[in-house]
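A short write-up of the structure that comes next.
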Amino acid sequence: MTRPILAPALALMLTGCTMGPVPVPTVSVKAVNVISEARIAPMRVGEFRLAKNIPPERDRSLAVRAATIHPEGGSFSHYLGETLKQQLAAAGRLDDHSDTVISGEIVSTDVGSAIGANSGHGVLAVEFRINRGDAELFRKVIKAEGNWNSSLIGGVAIPAAERGYMALYPEVVAQLFADLDLRRVAGR
């Protein structure tokens, strides 16, 4: 008699829940501090896209167990551009009329939610480019990775994976502006 009850309960624990779109990016204190410390010239944010070798659907959603993560605005590349705008604006370094433009493409993106301590994992690698007029000043791949605890229960693990993965966006921005090569070429 207990078997029919256990199967649906176990399925619910392992699968999870339906997720709405990840809300618009917020300001990261860490990223803003790193940008401020970098003493870069104000810049505008150009186009961000997914690298051609990555299936286009991975720009719209990523699977985590039986759920999907999808960002507000329709694509992770758009979300990355918006994250960058938020951080630059908060640091007083966003200028929509600047001739210095930062753009790029997501070259690696993944999220996983295995079960156990520190077993959730995400990666985001972006090839950033900074141009001033027709001259390319900077081109480099910056990679952010994260780990988090992942529960057996999908309703706990899936939101943790979403938070862990989306935290990589301001983190990759912070790592970009901590880069000494960037600071050298984009300084004021």
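Chain lettering (A, B, ...) mirrors the order of the structure tokens, residue numbering begins at 1 for each chain separately, and ligand numbering begins at 1 in order of display.
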
Contacts between stretch 31-35 of chain A and stretch 70-175 of chain A, please, where a residue of stretch 70-175 of chain A counts if it comes within 9 Å (with only C-alpha atoms); show its shortest atom pair and distance in Å to one decimal, rows by chain and ascending number, as a Markdown table.
| residue | atom | partner | partner_atom | distance |
| --- | --- | --- | --- | --- |
| A:Gln86 | CA | A:Val32 | CA | 9.0 |
| A:Gln87 | CA | A:Val32 | CA | 5.5 |
| A:Leu88 | CA | A:Val32 | CA | 7.0 |
| A:Ala89 | CA | A:Val32 | CA | 8.7 |
| A:Ala90 | CA | A:Val32 | CA | 6.4 |
| A:Ala91 | CA | A:Val32 | CA | 5.2 |
| A:Arg93 | CA | A:Ile35 | CA | 8.0 |
| A:Pro170 | CA | A:Ala31 | CA | 6.2 |
| A:Glu171 | CA | A:Ala31 | CA | 6.8 |
| A:Val172 | CA | A:Ala31 | CA | 8.7 |
| A:Val173 | CA | A:Ala31 | CA | 6.4 |
| A:Ala174 | CA | A:Ala31 | CA | 4.3 |
| A:Gln175 | CA | A:Ala31 | CA | 8.0 |

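Distance-wise, atom CA of A:Val24 and atom CA of A:Ala161 end up 17.0 Å apart.
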
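In this structure, atom CA of A:Gly46 sits 13.7 Å away from atom CA of A:Ile106.
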
Using DSSP on the backbone coordinates, identify the residues of stretch 15-125 of chain A assigned to strand (DSSP E or B); present them as a PyMOL selection string.
chain A and resi 22+40+43-50+62-64+67-69+71+94+100-113+116-125

Output N, CA and C atoms of each residue in that selection to a file, as a short mmCIF file (atom, residue, chain, number, x, y, z; two decimals), in the first residue's frame.
data_model
loop_
_atom_site.label_atom_id
_atom_site.label_comp_id
_atom_site.auth_asym_id
_atom_site.auth_seq_id
_atom_site.Cartn_x
_atom_site.Cartn_y
_atom_site.Cartn_z
N VAL A 22 14.24 34.78 -14.99
CA VAL A 22 15.12 35.42 -14.02
C VAL A 22 14.92 36.93 -14.17
N ILE A 40 38.70 53.26 -15.18
CA ILE A 40 38.56 53.19 -16.63
C ILE A 40 37.82 54.41 -17.15
N MET A 43 32.42 54.19 -20.90
CA MET A 43 32.22 53.46 -22.15
C MET A 43 30.76 53.13 -22.33
N ARG A 44 30.43 52.77 -23.54
CA ARG A 44 29.06 52.30 -23.79
C ARG A 44 29.09 50.80 -24.04
N VAL A 45 27.94 50.20 -23.85
CA VAL A 45 27.81 48.75 -24.01
C VAL A 45 27.26 48.47 -25.40
N GLY A 46 27.99 47.67 -26.14
CA GLY A 46 27.59 47.28 -27.49
C GLY A 46 26.82 45.97 -27.47
N GLU A 47 26.96 45.22 -28.54
CA GLU A 47 26.21 43.98 -28.72
C GLU A 47 26.89 42.80 -28.03
N PHE A 48 26.06 41.99 -27.40
CA PHE A 48 26.51 40.72 -26.85
C PHE A 48 25.71 39.62 -27.52
N ARG A 49 26.37 38.51 -27.81
CA ARG A 49 25.70 37.38 -28.47
C ARG A 49 26.33 36.08 -28.02
N LEU A 50 25.73 35.01 -28.44
CA LEU A 50 26.23 33.67 -28.17
C LEU A 50 27.19 33.28 -29.29
N LEU A 62 18.43 27.23 -20.17
CA LEU A 62 19.33 26.16 -19.75
C LEU A 62 18.55 25.20 -18.85
N ALA A 63 18.72 23.91 -19.08
CA ALA A 63 17.99 22.91 -18.30
C ALA A 63 18.70 22.63 -16.98
N VAL A 64 17.89 22.56 -15.93
CA VAL A 64 18.35 22.15 -14.61
C VAL A 64 17.35 21.12 -14.12
N ALA A 67 13.55 21.34 -14.93
CA ALA A 67 13.14 22.74 -15.11
C ALA A 67 14.10 23.44 -16.06
N THR A 68 13.75 24.64 -16.41
CA THR A 68 14.65 25.45 -17.24
C THR A 68 14.83 26.82 -16.61
N ILE A 69 16.01 27.36 -16.81
CA ILE A 69 16.30 28.73 -16.41
C ILE A 69 16.24 29.57 -17.68
N PRO A 71 16.13 33.88 -18.90
CA PRO A 71 16.24 35.23 -18.38
C PRO A 71 15.16 36.18 -18.89
N LEU A 94 29.25 54.47 -17.26
CA LEU A 94 28.45 54.20 -18.44
C LEU A 94 28.20 55.52 -19.17
N THR A 100 34.23 54.59 -26.96
CA THR A 100 34.77 53.34 -26.44
C THR A 100 33.60 52.40 -26.19
N VAL A 101 33.63 51.26 -26.86
CA VAL A 101 32.50 50.32 -26.81
C VAL A 101 32.98 48.96 -26.33
N ILE A 102 32.23 48.40 -25.39
CA ILE A 102 32.51 47.05 -24.92
C ILE A 102 31.43 46.12 -25.46
N SER A 103 31.85 45.00 -26.03
CA SER A 103 30.92 44.02 -26.59
C SER A 103 31.53 42.64 -26.39
N GLY A 104 30.86 41.62 -26.88
CA GLY A 104 31.44 40.29 -26.76
C GLY A 104 30.47 39.18 -27.05
N GLU A 105 30.98 37.97 -26.81
CA GLU A 105 30.13 36.79 -27.02
C GLU A 105 30.39 35.75 -25.95
N ILE A 106 29.31 35.09 -25.59
CA ILE A 106 29.39 33.99 -24.61
C ILE A 106 29.97 32.79 -25.34
N VAL A 107 31.12 32.31 -24.87
CA VAL A 107 31.79 31.19 -25.52
C VAL A 107 31.60 29.87 -24.78
N SER A 108 31.14 29.95 -23.53
CA SER A 108 30.86 28.74 -22.76
C SER A 108 29.82 29.08 -21.70
N THR A 109 28.83 28.22 -21.57
CA THR A 109 27.78 28.43 -20.58
C THR A 109 27.20 27.09 -20.19
N ASP A 110 27.11 26.86 -18.88
CA ASP A 110 26.57 25.59 -18.42
C ASP A 110 26.17 25.69 -16.96
N VAL A 111 25.21 24.88 -16.58
CA VAL A 111 24.78 24.79 -15.19
C VAL A 111 24.39 23.34 -14.92
N GLY A 112 24.76 22.84 -13.75
CA GLY A 112 24.41 21.48 -13.35
C GLY A 112 24.00 21.45 -11.90
N SER A 113 23.20 20.46 -11.57
CA SER A 113 22.67 20.38 -10.22
C SER A 113 22.70 18.93 -9.73
N GLY A 116 24.29 16.92 -3.51
CA GLY A 116 25.32 16.88 -2.48
C GLY A 116 25.95 18.23 -2.23
N ALA A 117 26.82 18.24 -1.22
CA ALA A 117 27.51 19.46 -0.85
C ALA A 117 28.44 19.91 -1.98
N ASN A 118 28.31 21.18 -2.34
CA ASN A 118 29.16 21.80 -3.36
C ASN A 118 29.10 21.09 -4.71
N SER A 119 28.03 20.38 -4.99
CA SER A 119 27.93 19.62 -6.24
C SER A 119 27.18 20.35 -7.35
N GLY A 120 26.52 21.45 -7.03
CA GLY A 120 25.96 22.29 -8.08
C GLY A 120 27.10 23.06 -8.72
N HIS A 121 27.08 23.21 -10.03
CA HIS A 121 28.20 23.86 -10.71
C HIS A 121 27.70 24.67 -11.89
N GLY A 122 28.30 25.82 -12.08
CA GLY A 122 27.99 26.65 -13.23
C GLY A 122 29.25 27.25 -13.80
N VAL A 123 29.22 27.54 -15.08
CA VAL A 123 30.35 28.18 -15.76
C VAL A 123 29.81 29.17 -16.79
N LEU A 124 30.49 30.30 -16.89
CA LEU A 124 30.18 31.31 -17.88
C LEU A 124 31.51 31.89 -18.36
N ALA A 125 31.79 31.73 -19.63
CA ALA A 125 33.01 32.30 -20.22
C ALA A 125 32.59 33.22 -21.35
#

Distance atom CA of A:Ile130-atom CA of A:Arg39, one decimal place?
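The value is 15.3 Å.
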
Those in stretch 81-139 of chain A with helix (DSSP H, G or I) from DSSP, as a list in words
Gly81, Glu82, Thr83, Leu84, Lys85, Gln86, Gln87, Leu88, Ala89 and Ala90 of chain A

Counting only C-alpha atoms, which residue out of A:Asp181, A:Tyr165, A:Val141, A:Asp96 sits closest to A:Pro42?
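Nearest to A:Pro42: A:Asp96.
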
List as a list in words the protein and nucleic acid residues near A:Arg139, meaning an atom at most 7 Å away when only C-alpha atoms are counted, but skip any in the same chain fewer than 4 places from it.
Glu127, Phe128, Arg129 and Ile130 of chain A
